[in-house]
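Student: My structure is in input-v3.pdb, and what it holds is PDB, C-alpha atoms, pLDDT in the B column:
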```pdb
ATOM      1  CA  MET A1387       0.995 126.271  69.716  1.00 77.00           C
ATOM      2  CA  MET A1388      -2.516 126.175  68.334  1.00 84.00           C
ATOM      3  CA  LEU A1389      -4.684 123.458  66.875  1.00 90.00           C
ATOM      4  CA  PRO A1390      -5.007 123.553  63.083  1.00 87.00           C
ATOM      5  CA  SER A1391      -8.206 125.371  62.133  1.00 88.00           C
ATOM      6  CA  SER A1392      -9.556 122.215  60.469  1.00 91.00           C
ATOM      7  CA  LEU A1393      -9.416 120.398  63.827  1.00 92.00           C
ATOM      8  CA  ALA A1394     -10.161 123.210  66.267  1.00 92.00           C
ATOM      9  CA  ASP A1395     -13.801 122.205  66.782  1.00 93.00           C
ATOM     10  CA  LYS A1396     -13.069 118.528  67.529  1.00 96.00           C
ATOM     11  CA  THR A1397     -13.741 117.553  71.142  1.00 97.00           C
ATOM     12  CA  GLU A1398     -13.052 113.798  71.127  1.00 98.00           C
ATOM     13  CA  TRP A1399      -9.469 112.694  70.424  1.00 98.00           C
ATOM     14  CA  THR A1400      -7.124 109.734  70.634  1.00 97.00           C
ATOM     15  CA  PHE A1401      -3.699 110.391  72.163  1.00 97.00           C
ATOM     16  CA  VAL A1402      -1.122 107.727  71.287  1.00 94.00           C
ATOM     17  CA  GLY A1403       1.792 107.244  73.666  1.00 89.00           C
ATOM     18  CA  PRO A1404       5.049 105.321  73.288  1.00 89.00           C
ATOM     19  CA  MET A1405       4.058 102.132  75.135  1.00 89.00           C
ATOM     20  CA  GLY A1406       1.747 100.836  72.398  1.00 84.00           C
ATOM     21  CA  PRO A1407       0.654  98.381  71.149  1.00 90.00           C
ATOM     22  CA  ASP A1408      -0.858  99.281  67.767  1.00 89.00           C
ATOM     23  CA  VAL A1409      -3.987 101.386  68.092  1.00 92.00           C
ATOM     24  CA  PRO A1410      -7.327  99.564  67.709  1.00 93.00           C
ATOM     25  CA  LEU A1411      -9.502 100.543  64.786  1.00 93.00           C
ATOM     26  CA  HIS A1412     -12.262 102.252  66.760  1.00 94.00           C
ATOM     27  CA  LEU A1413      -9.761 104.728  68.236  1.00 96.00           C
ATOM     28  CA  THR A1414      -8.254 105.541  64.826  1.00 94.00           C
ATOM     29  CA  GLU A1415     -11.630 106.813  63.641  1.00 95.00           C
ATOM     30  CA  LEU A1416     -11.141 109.870  65.887  1.00 97.00           C
ATOM     31  CA  PRO A1417      -8.631 112.684  65.346  1.00 96.00           C
ATOM     32  CA  VAL A1418      -5.271 111.337  66.547  1.00 95.00           C
ATOM     33  CA  ILE A1419      -2.310 113.000  68.275  1.00 95.00           C
ATOM     34  CA  GLY A1420       0.950 111.059  68.345  1.00 91.00           C
ATOM     35  CA  ILE A1421       3.078 111.812  71.398  1.00 90.00           C
ATOM     36  CA  ASP A1422       6.697 111.320  70.284  1.00 83.00           C
ATOM     37  CA  GLY A1423       7.299 107.533  70.150  1.00 77.00           C
ATOM     38  CA  GLY A1424       3.572 106.967  69.859  1.00 72.00           C
ATOM     39  CA  ALA A1425       4.132 107.466  66.137  1.00 67.00           C
ATOM     40  CA  HIS A1426       5.539 103.909  66.026  1.00 74.00           C
ATOM     41  CA  HIS A1427       2.061 102.517  66.659  1.00 78.00           C
ATOM     42  CA  LEU A1428      -0.022 104.280  64.007  1.00 83.00           C
ATOM     43  CA  GLU A1429       0.831 105.366  60.476  1.00 81.00           C
ATOM     44  CA  ASN A1430      -1.769 108.094  59.997  1.00 86.00           C
ATOM     45  CA  LEU A1431      -1.574 110.905  62.540  1.00 91.00           C
ATOM     46  CA  ASP A1432      -3.382 114.221  62.487  1.00 91.00           C
ATOM     47  CA  ILE A1433      -0.845 115.880  64.806  1.00 91.00           C
ATOM     48  CA  TRP A1434       2.537 114.921  66.230  1.00 89.00           C
ATOM     49  CA  VAL A1435       3.996 116.495  69.382  1.00 89.00           C
ATOM     50  CA  GLY A1436       7.403 115.650  70.780  1.00 80.00           C
ATOM     51  CA  ASP A1437      11.144 116.146  70.991  1.00 72.00           C
ATOM     52  CA  ALA A1438      11.973 113.051  68.865  1.00 61.00           C
ATOM     53  CA  ASP A1439      13.935 111.359  71.640  1.00 63.00           C
ATOM     54  CA  SER A1440      11.927 108.165  71.107  1.00 59.00           C
ATOM     55  CA  TYR A1441      11.075 108.542  67.405  1.00 52.00           C
ATOM     56  CA  LYS A1442      13.929 109.047  64.931  1.00 57.00           C
ATOM     57  CA  GLU A1443      12.056 108.393  61.689  1.00 67.00           C
ATOM     58  CA  GLU A1444      10.311 110.796  59.342  1.00 70.00           C
ATOM     59  CA  ILE A1445       7.157 112.143  60.940  1.00 71.00           C
ATOM     60  CA  ARG A1446       4.260 111.322  58.636  1.00 76.00           C
ATOM     61  CA  THR A1447       1.827 114.133  59.291  1.00 77.00           C
ATOM     62  CA  GLU A1448       1.252 117.691  58.128  1.00 78.00           C
ATOM     63  CA  HIS A1449       1.021 119.137  61.634  1.00 84.00           C
ATOM     64  CA  VAL A1450       4.258 118.754  63.620  1.00 80.00           C
ATOM     65  CA  PHE A1451       5.023 120.476  66.916  1.00 81.00           C
ATOM     66  CA  ARG A1452       8.683 119.748  67.648  1.00 76.00           C
ATOM     67  CA  HIS A1453      10.192 120.759  70.998  1.00 69.00           C
ATOM     68  CA  PRO A1454      13.717 120.700  72.409  1.00 57.00           C
ATOM     69  CA  VAL A1455      14.772 117.694  74.460  1.00 64.00           C
ATOM     70  CA  GLU A1456      15.710 119.935  77.395  1.00 62.00           C
ATOM     71  CA  LYS A1457      12.431 121.459  78.522  1.00 69.00           C
ATOM     72  CA  ASP A1458      10.333 121.964  81.658  1.00 68.00           C
ATOM     73  CA  HIS A1459       7.271 119.967  80.592  1.00 77.00           C
ATOM     74  CA  SER A1460       6.622 116.554  79.120  1.00 85.00           C
ATOM     75  CA  ASP A1461       5.519 116.016  75.532  1.00 86.00           C
ATOM     76  CA  LEU A1462       2.092 114.956  76.813  1.00 93.00           C
ATOM     77  CA  THR A1463       1.710 118.177  78.800  1.00 92.00           C
ATOM     78  CA  LEU A1464       2.596 120.219  75.734  1.00 91.00           C
ATOM     79  CA  ALA A1465       0.028 118.308  73.682  1.00 94.00           C
ATOM     80  CA  LEU A1466      -2.673 118.980  76.280  1.00 96.00           C
ATOM     81  CA  SER A1467      -1.837 122.699  76.108  1.00 93.00           C
ATOM     82  CA  LEU A1468      -3.317 122.721  72.595  1.00 95.00           C
ATOM     83  CA  PHE A1469      -6.779 122.390  74.144  1.00 95.00           C
ATOM     84  CA  ASN A1470      -7.473 125.696  75.859  1.00 89.00           C
ATOM     85  CA  ASP A1471     -11.055 126.316  74.795  1.00 90.00           C
ATOM     86  CA  PRO A1472     -13.768 125.727  77.436  1.00 89.00           C
ATOM     87  CA  ARG A1473     -15.238 122.647  75.779  1.00 93.00           C
ATOM     88  CA  ARG A1474     -16.393 119.256  77.025  1.00 96.00           C
ATOM     89  CA  TYR A1475     -13.483 117.142  75.907  1.00 98.00           C
ATOM     90  CA  LYS A1476     -13.200 113.375  75.810  1.00 98.00           C
ATOM     91  CA  PHE A1477      -9.678 112.038  75.382  1.00 98.00           C
ATOM     92  CA  HIS A1478      -8.646 108.422  74.885  1.00 98.00           C
ATOM     93  CA  PHE A1479      -5.086 107.786  76.117  1.00 98.00           C
ATOM     94  CA  TRP A1480      -3.576 104.752  74.410  1.00 96.00           C
ATOM     95  CA  GLY A1481      -0.004 103.685  75.219  1.00 93.00           C
ATOM     96  CA  PHE A1482       0.540 105.677  78.424  1.00 94.00           C
ATOM     97  CA  LEU A1483       0.386 102.904  81.043  1.00 94.00           C
ATOM     98  CA  GLY A1484       3.308 100.596  81.778  1.00 88.00           C
ATOM     99  CA  GLY A1485       7.004 101.270  81.407  1.00 83.00           C
ATOM    100  CA  ARG A1486       8.694 103.588  83.877  1.00 87.00           C
ATOM    101  CA  ARG A1487       6.522 104.049  86.940  1.00 92.00           C
ATOM    102  CA  ASP A1488       7.393 107.735  87.325  1.00 93.00           C
ATOM    103  CA  HIS A1489       6.281 108.435  83.742  1.00 89.00           C
ATOM    104  CA  GLU A1490       3.025 106.611  84.390  1.00 92.00           C
ATOM    105  CA  LEU A1491       2.332 108.543  87.602  1.00 94.00           C
ATOM    106  CA  PHE A1492       3.135 111.897  86.067  1.00 93.00           C
ATOM    107  CA  ASN A1493       0.908 111.140  83.059  1.00 93.00           C
ATOM    108  CA  ILE A1494      -1.932 110.535  85.513  1.00 95.00           C
ATOM    109  CA  GLY A1495      -1.091 113.762  87.336  1.00 95.00           C
ATOM    110  CA  GLU A1496      -1.038 115.834  84.159  1.00 95.00           C
ATOM    111  CA  ALA A1497      -4.382 114.383  83.092  1.00 97.00           C
ATOM    112  CA  LEU A1498      -5.997 115.373  86.387  1.00 97.00           C
ATOM    113  CA  THR A1499      -4.410 118.840  86.195  1.00 96.00           C
ATOM    114  CA  PHE A1500      -5.968 119.310  82.760  1.00 97.00           C
ATOM    115  CA  LEU A1501      -9.374 118.228  84.077  1.00 98.00           C
ATOM    116  CA  GLU A1502      -9.125 120.740  86.910  1.00 96.00           C
ATOM    117  CA  GLU A1503      -9.490 123.455  84.266  1.00 95.00           C
ATOM    118  CA  HIS A1504     -12.036 121.600  82.121  1.00 97.00           C
ATOM    119  CA  SER A1505     -15.263 120.755  83.908  1.00 96.00           C
ATOM    120  CA  GLU A1506     -17.396 117.981  82.415  1.00 97.00           C
ATOM    121  CA  SER A1507     -14.429 116.649  80.450  1.00 98.00           C
ATOM    122  CA  GLN A1508     -12.995 113.149  80.716  1.00 98.00           C
ATOM    123  CA  ILE A1509      -9.801 111.214  80.013  1.00 98.00           C
ATOM    124  CA  ILE A1510      -9.700 107.437  79.613  1.00 98.00           C
ATOM    125  CA  PHE A1511      -6.479 105.418  80.021  1.00 98.00           C
ATOM    126  CA  TYR A1512      -6.248 102.033  78.286  1.00 97.00           C
ATOM    127  CA  GLY A1513      -3.909  99.168  79.093  1.00 95.00           C
ATOM    128  CA  GLU A1514      -2.014  97.187  76.486  1.00 92.00           C
ATOM    129  CA  ASP A1515      -4.823  94.604  76.590  1.00 94.00           C
ATOM    130  CA  GLY A1516      -7.282  97.228  75.346  1.00 95.00           C
ATOM    131  CA  LYS A1517      -9.201  97.455  78.625  1.00 97.00           C
ATOM    132  CA  VAL A1518      -9.940 100.697  80.476  1.00 97.00           C
ATOM    133  CA  TYR A1519      -7.996 100.999  83.741  1.00 98.00           C
ATOM    134  CA  PHE A1520      -8.420 104.680  84.627  1.00 98.00           C
ATOM    135  CA  HIS A1521     -11.441 106.828  83.842  1.00 98.00           C
ATOM    136  CA  MET A1522     -10.795 110.410  84.950  1.00 98.00           C
ATOM    137  CA  VAL A1523     -13.458 113.098  85.031  1.00 98.00           C
ATOM    138  CA  GLY A1524     -13.600 116.796  85.726  1.00 98.00           C
ATOM    139  CA  THR A1525     -16.198 118.497  87.893  1.00 98.00           C
ATOM    140  CA  GLY A1526     -19.642 117.258  86.978  1.00 97.00           C
ATOM    141  CA  HIS A1527     -22.446 114.726  87.290  1.00 97.00           C
ATOM    142  CA  TRP A1528     -21.577 111.349  85.799  1.00 98.00           C
ATOM    143  CA  LYS A1529     -23.236 107.985  85.238  1.00 97.00           C
ATOM    144  CA  PHE A1530     -21.375 104.795  84.465  1.00 96.00           C
ATOM    145  CA  GLU A1531     -22.027 101.072  84.387  1.00 96.00           C
ATOM    146  CA  HIS A1532     -19.681  98.666  86.118  1.00 97.00           C
ATOM    147  CA  LEU A1533     -19.764  95.176  87.549  1.00 97.00           C
ATOM    148  CA  GLY A1534     -16.821  94.415  89.809  1.00 97.00           C
ATOM    149  CA  LEU A1535     -14.043  96.152  91.679  1.00 98.00           C
ATOM    150  CA  PHE A1536     -13.264  99.848  91.337  1.00 98.00           C
ATOM    151  CA  SER A1537     -11.638 102.580  93.411  1.00 98.00           C
ATOM    152  CA  LEU A1538     -12.386 106.290  93.547  1.00 98.00           C
ATOM    153  CA  GLY A1539      -9.526 108.702  94.172  1.00 98.00           C
ATOM    154  CA  THR A1540      -8.258 112.237  93.767  1.00 97.00           C
ATOM    155  CA  LEU A1541      -5.015 114.209  94.056  1.00 96.00           C
ATOM    156  CA  LYS A1542      -6.624 117.211  95.782  1.00 96.00           C
ATOM    157  CA  ASN A1543      -9.303 117.602  98.441  1.00 97.00           C
ATOM    158  CA  THR A1544     -12.532 117.120  96.512  1.00 97.00           C
ATOM    159  CA  ILE A1545     -16.200 116.947  97.535  1.00 98.00           C
ATOM    160  CA  VAL A1546     -17.895 113.841  96.139  1.00 98.00           C
ATOM    161  CA  LYS A1547     -21.121 111.829  96.260  1.00 98.00           C
ATOM    162  CA  LEU A1548     -21.373 108.270  94.979  1.00 98.00           C
ATOM    163  CA  LEU A1549     -24.839 106.802  94.504  1.00 97.00           C
ATOM    164  CA  GLY A1550     -26.556 103.968  92.697  1.00 96.00           C
ATOM    165  CA  ASN A1551     -25.589 100.323  92.473  1.00 97.00           C
ATOM    166  CA  CYS A1552     -22.342 100.050  94.399  1.00 97.00           C
ATOM    167  CA  HIS A1553     -21.463  98.260  97.614  1.00 97.00           C
ATOM    168  CA  TYR A1554     -20.182 101.369  99.414  1.00 97.00           C
ATOM    169  CA  PRO A1555     -22.193 104.447  98.389  1.00 97.00           C
ATOM    170  CA  ILE A1556     -21.304 107.935  99.585  1.00 97.00           C
ATOM    171  CA  LYS A1557     -24.791 109.309 100.150  1.00 96.00           C
ATOM    172  CA  LYS A1558     -23.838 112.679 101.646  1.00 97.00           C
ATOM    173  CA  ALA A1559     -21.435 115.147 100.065  1.00 97.00           C
ATOM    174  CA  THR A1560     -18.095 114.170 101.581  1.00 98.00           C
ATOM    175  CA  GLN A1561     -14.564 115.485 101.267  1.00 98.00           C
ATOM    176  CA  LEU A1562     -12.304 112.936  99.598  1.00 98.00           C
ATOM    177  CA  LYS A1563      -8.667 113.578 100.506  1.00 98.00           C
ATOM    178  CA  PRO A1564      -5.702 112.994  98.168  1.00 97.00           C
ATOM    179  CA  LEU A1565      -5.125 109.273  97.577  1.00 96.00           C
ATOM    180  CA  SER A1566      -7.294 108.452 100.588  1.00 97.00           C
ATOM    181  CA  SER A1567      -8.137 104.806 101.203  1.00 97.00           C
ATOM    182  CA  PHE A1568     -11.718 105.962 101.859  1.00 97.00           C
ATOM    183  CA  GLY A1569     -12.417 105.375  98.164  1.00 97.00           C
ATOM    184  CA  LEU A1570     -10.471 102.124  97.882  1.00 98.00           C
ATOM    185  CA  SER A1571     -11.957  98.795  96.695  1.00 97.00           C
ATOM    186  CA  ASN A1572     -15.618  99.469  96.075  1.00 98.00           C
ATOM    187  CA  ILE A1573     -17.779  97.022  94.110  1.00 98.00           C
ATOM    188  CA  GLY A1574     -19.980  98.065  91.194  1.00 97.00           C
ATOM    189  CA  GLN A1575     -23.271  96.250  90.698  1.00 96.00           C
ATOM    190  CA  GLY A1576     -24.762  98.166  87.758  1.00 96.00           C
ATOM    191  CA  GLU A1577     -25.393 101.859  87.128  1.00 97.00           C
ATOM    192  CA  ILE A1578     -23.447 104.199  89.422  1.00 97.00           C
ATOM    193  CA  VAL A1579     -23.869 107.962  89.767  1.00 98.00           C
ATOM    194  CA  LEU A1580     -20.911 110.171  90.648  1.00 98.00           C
ATOM    195  CA  GLU A1581     -21.095 113.847  91.589  1.00 98.00           C
ATOM    196  CA  ASN A1582     -17.756 115.592  92.084  1.00 98.00           C
ATOM    197  CA  GLU A1583     -16.668 119.169  92.656  1.00 98.00           C
ATOM    198  CA  GLY A1584     -13.169 118.619  91.285  1.00 97.00           C
ATOM    199  CA  PRO A1585     -11.224 116.131  89.160  1.00 98.00           C
ATOM    200  CA  VAL A1586     -11.258 112.507  90.323  1.00 98.00           C
ATOM    201  CA  PHE A1587     -10.277 109.128  88.918  1.00 98.00           C
ATOM    202  CA  LEU A1588     -12.010 105.794  88.811  1.00 98.00           C
ATOM    203  CA  TYR A1589      -9.553 102.890  88.754  1.00 98.00           C
ATOM    204  CA  PHE A1590     -10.630  99.464  87.537  1.00 98.00           C
ATOM    205  CA  PRO A1591      -8.013  96.935  88.757  1.00 97.00           C
ATOM    206  CA  GLU A1592      -9.419  94.169  86.565  1.00 95.00           C
ATOM    207  CA  GLY A1593      -9.957  96.438  83.589  1.00 95.00           C
ATOM    208  CA  LYS A1594     -13.243  97.378  82.009  1.00 91.00           C
TER
END
```
Please lay out the structure from this file as structure tokens.

Tutor:
Amino acid sequence: MMLPSSLADKTEWTFVGPMGPDVPLHLTELPVIGIDGGAHHLENLDIWVGDADSYKEEIRTEHVFRHPVEKDHSDLTLALSLFNDPRRYKFHFWGFLGGRRDHELFNIGEALTFLEEHSESQIIFYGEDGKVYFHMVGTGHWKFEHLGLFSLGTLKNTIVKLLGNCHYPIKKATQLKPLSSFGLSNIGQGEIVLENEGPVFLYFPEGK
């Protein structure tokens, strides 16, 4: 699979998953990939990827990547495989939280796996209320603003520093272990600076 040539240079995308709801206007202004049943939540797609197990209607887009139901990777993973170039990507994941817990966890895992190969890229997961709940970033130097609770985590041993306006800074480069409670329940108080040598996630329990 390859991206259509007309879209190959685009680095910011909206991915639409099956959980919905309908996609907000500001995310439809970007190139959009529908992941199987995500096509229920937006009429105009640039690309559709799936096995049609959750979307039985006519697929309304020129670029369709249809896969068999019996396969080794999820539809989301196959969609991410379209983006092989070493670019700084920013992906907005709409409709991927909620529903089956195993699907949700594996979506998070696949996102972090993608970021392992794409430094300075980021993936943002939205809840059905439109708020950001996960902000995942590849290796890099990041600044973000937040007031309130957040947690910092990873799925692999990763060296991190966390500076700026937060209640529990990590001033020296420190190894963060997979799903370690060391990064649990911090409090943002303004601009925060994150330096990480591998993919990590910021979780906002109250949304952002």

Student: Using only C-alpha atoms for the distances, tell me which of A:Lys1396, A:Val1450, A:Ile1419, A:Asp1408 is nearest to Arg1474 (chain A).

Tutor: A:Lys1396

Student: What is the CA of Phe1520 (chain A)-CA of Asp1461 (chain A) distance in Å, reported with one decimal?

Tutor: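 Value for the CA of Phe1520 (chain A)-CA of Asp1461 (chain A) distance: 20.1 Å.
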
Student: Just want the 8 Å neighbourhood of region 1482-1488 of chain A, counted on all atoms listed in the file, with same-chain residues fewer than 6 positions away dropped. Output as a PDB file with C-alpha atoms, in the coordinates of the input.

Tutor:
```
ATOM      1  CA  VAL A1402      -1.122 107.727  71.287  1.00 94.00           C
ATOM      2  CA  GLY A1403       1.792 107.244  73.666  1.00 89.00           C
ATOM      3  CA  PRO A1404       5.049 105.321  73.288  1.00 89.00           C
ATOM      4  CA  MET A1405       4.058 102.132  75.135  1.00 89.00           C
ATOM      5  CA  GLY A1406       1.747 100.836  72.398  1.00 84.00           C
ATOM      6  CA  PHE A1511      -6.479 105.418  80.021  1.00 98.00           C
ATOM      7  CA  TYR A1512      -6.248 102.033  78.286  1.00 97.00           C
ATOM      8  CA  GLY A1513      -3.909  99.168  79.093  1.00 95.00           C
ATOM      9  CA  GLU A1514      -2.014  97.187  76.486  1.00 92.00           C
TER      10      GLU A1514
END
```

Student: Name every residue that the PyMOL selection byres ((chain A and resi 1554) around 12) selects in this structure, writing the answer as a list of chain:residue names with chains first and numbers rising.

Tutor: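 On the file shown, the PyMOL selection byres ((chain A and resi 1554) around 12) covers A:Leu1535, A:Phe1536, A:Ser1537, A:Leu1538, A:Lys1547, A:Leu1548, A:Leu1549, A:Gly1550, A:Asn1551, A:Cys1552, A:His1553, A:Pro1555, A:Ile1556, A:Lys1557, A:Phe1568, A:Gly1569, A:Leu1570, A:Ser1571, A:Asn1572, A:Ile1573, A:Gly1574, A:Gln1575, A:Ile1578.
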
Student: For a quick check of understanding, using all atoms listed in the file, which of A:Ser1392, A:Asn1582, A:Asn1470, A:Thr1544 has the smallest distance to Ser1566 (chain A)?

Tutor: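 Nearest to Ser1566 (chain A): A:Thr1544.
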
Student: State, in Å with one decimal place, the distance from CA of His1521 (chain A) to CA of Glu1429 (chain A).

Tutor: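 Interatomic distance here is 26.4 Å.
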
Student: Rounded to one decimal in Å, what is the spacing between CA of Glu1581 (chain A) and CA of Val1546 (chain A)?

Tutor: 5.6 Å

Student: Just so the selection is clear, what residues does the PyMOL selection byres ((chain A and resi 1446) around 8) cover here, as a list of chain:residue names?

Tutor: A:Glu1429, A:Asn1430, A:Leu1431, A:Glu1444, A:Ile1445, A:Thr1447, A:Glu1448

Student: Would you list the residues near (-8.5, 120.9, 64.5) (no more than 12 Å away, in the coordinates of the file, using all atoms listed in the file) as a list in words?

Tutor: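 The residues that fall inside the cut-off are Met1388, Leu1389, Pro1390, Ser1391, Ser1392, Leu1393, Ala1394, Asp1395, Lys1396, Thr1397, Glu1398, Trp1399, Leu1416, Pro1417, Val1418, Ile1419, Asp1432, Ile1433, His1449, Leu1468, Phe1469 and Asp1471 of chain A.
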
Student: Just to be explicit: take each residue in the selection above, keep C-alpha atoms, and write the result as a short mmCIF file (atom, residue, chain, number, x, y, z; two decimals), in the coordinates of the input.

Tutor:
```
data_model
loop_
_atom_site.label_atom_id
_atom_site.label_comp_id
_atom_site.auth_asym_id
_atom_site.auth_seq_id
_atom_site.Cartn_x
_atom_site.Cartn_y
_atom_site.Cartn_z
CA MET A 1388 -2.52 126.18 68.33
CA LEU A 1389 -4.68 123.46 66.88
CA PRO A 1390 -5.01 123.55 63.08
CA SER A 1391 -8.21 125.37 62.13
CA SER A 1392 -9.56 122.22 60.47
CA LEU A 1393 -9.42 120.40 63.83
CA ALA A 1394 -10.16 123.21 66.27
CA ASP A 1395 -13.80 122.20 66.78
CA LYS A 1396 -13.07 118.53 67.53
CA THR A 1397 -13.74 117.55 71.14
CA GLU A 1398 -13.05 113.80 71.13
CA TRP A 1399 -9.47 112.69 70.42
CA LEU A 1416 -11.14 109.87 65.89
CA PRO A 1417 -8.63 112.68 65.35
CA VAL A 1418 -5.27 111.34 66.55
CA ILE A 1419 -2.31 113.00 68.28
CA ASP A 1432 -3.38 114.22 62.49
CA ILE A 1433 -0.84 115.88 64.81
CA HIS A 1449 1.02 119.14 61.63
CA LEU A 1468 -3.32 122.72 72.60
CA PHE A 1469 -6.78 122.39 74.14
CA ASP A 1471 -11.06 126.32 74.80
#
```

Student: Which of these, A:Leu1541, A:Leu1501, A:Ala1465, A:Ile1510, has the shortest distance to Lys1563 (chain A) once you count only C-alpha atoms?

Tutor: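 For Lys1563 (chain A), the nearest of the candidates is A:Leu1541.
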
Student: Tell me which of A:Pro1591, A:Asp1437, A:His1412, A:Ser1460 sits closest to Gly1534 (chain A), counting all atoms listed in the file.

Tutor: A:Pro1591

Student: Using only C-alpha atoms and a cutoff of 9 Å, can you tell me which residues are near (-11.5, 93.8, 83.3) in the file's coordinates, and write them out as JSON, numbers by chain?

Tutor: {"A": [1517, 1518, 1519, 1534, 1590, 1591, 1592, 1593, 1594]}

Student: Once the PyMOL selection byres ((chain A and resi 1525) around 6) has been applied to the shown file, what residues remain in the selection, as a ChimeraX atom specification?

Tutor: /A:1505-1506,1524,1526,1582-1585

Student: From the options A:Phe1530, A:Ile1509, A:Phe1401, A:Gly1436, which residue's atoms come nearest to Ile1494 (chain A), counting only C-alpha atoms?

Tutor: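 The shortest atom-to-atom distance to Ile1494 (chain A) comes from A:Ile1509.
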
Student: Between A:His1427, A:Lys1542, A:His1527, A:Arg1452, which one has atoms that come closest to Leu1498 (chain A), using only C-alpha atoms?

Tutor: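 Among the listed residues, A:Lys1542 lies closest to Leu1498 (chain A).
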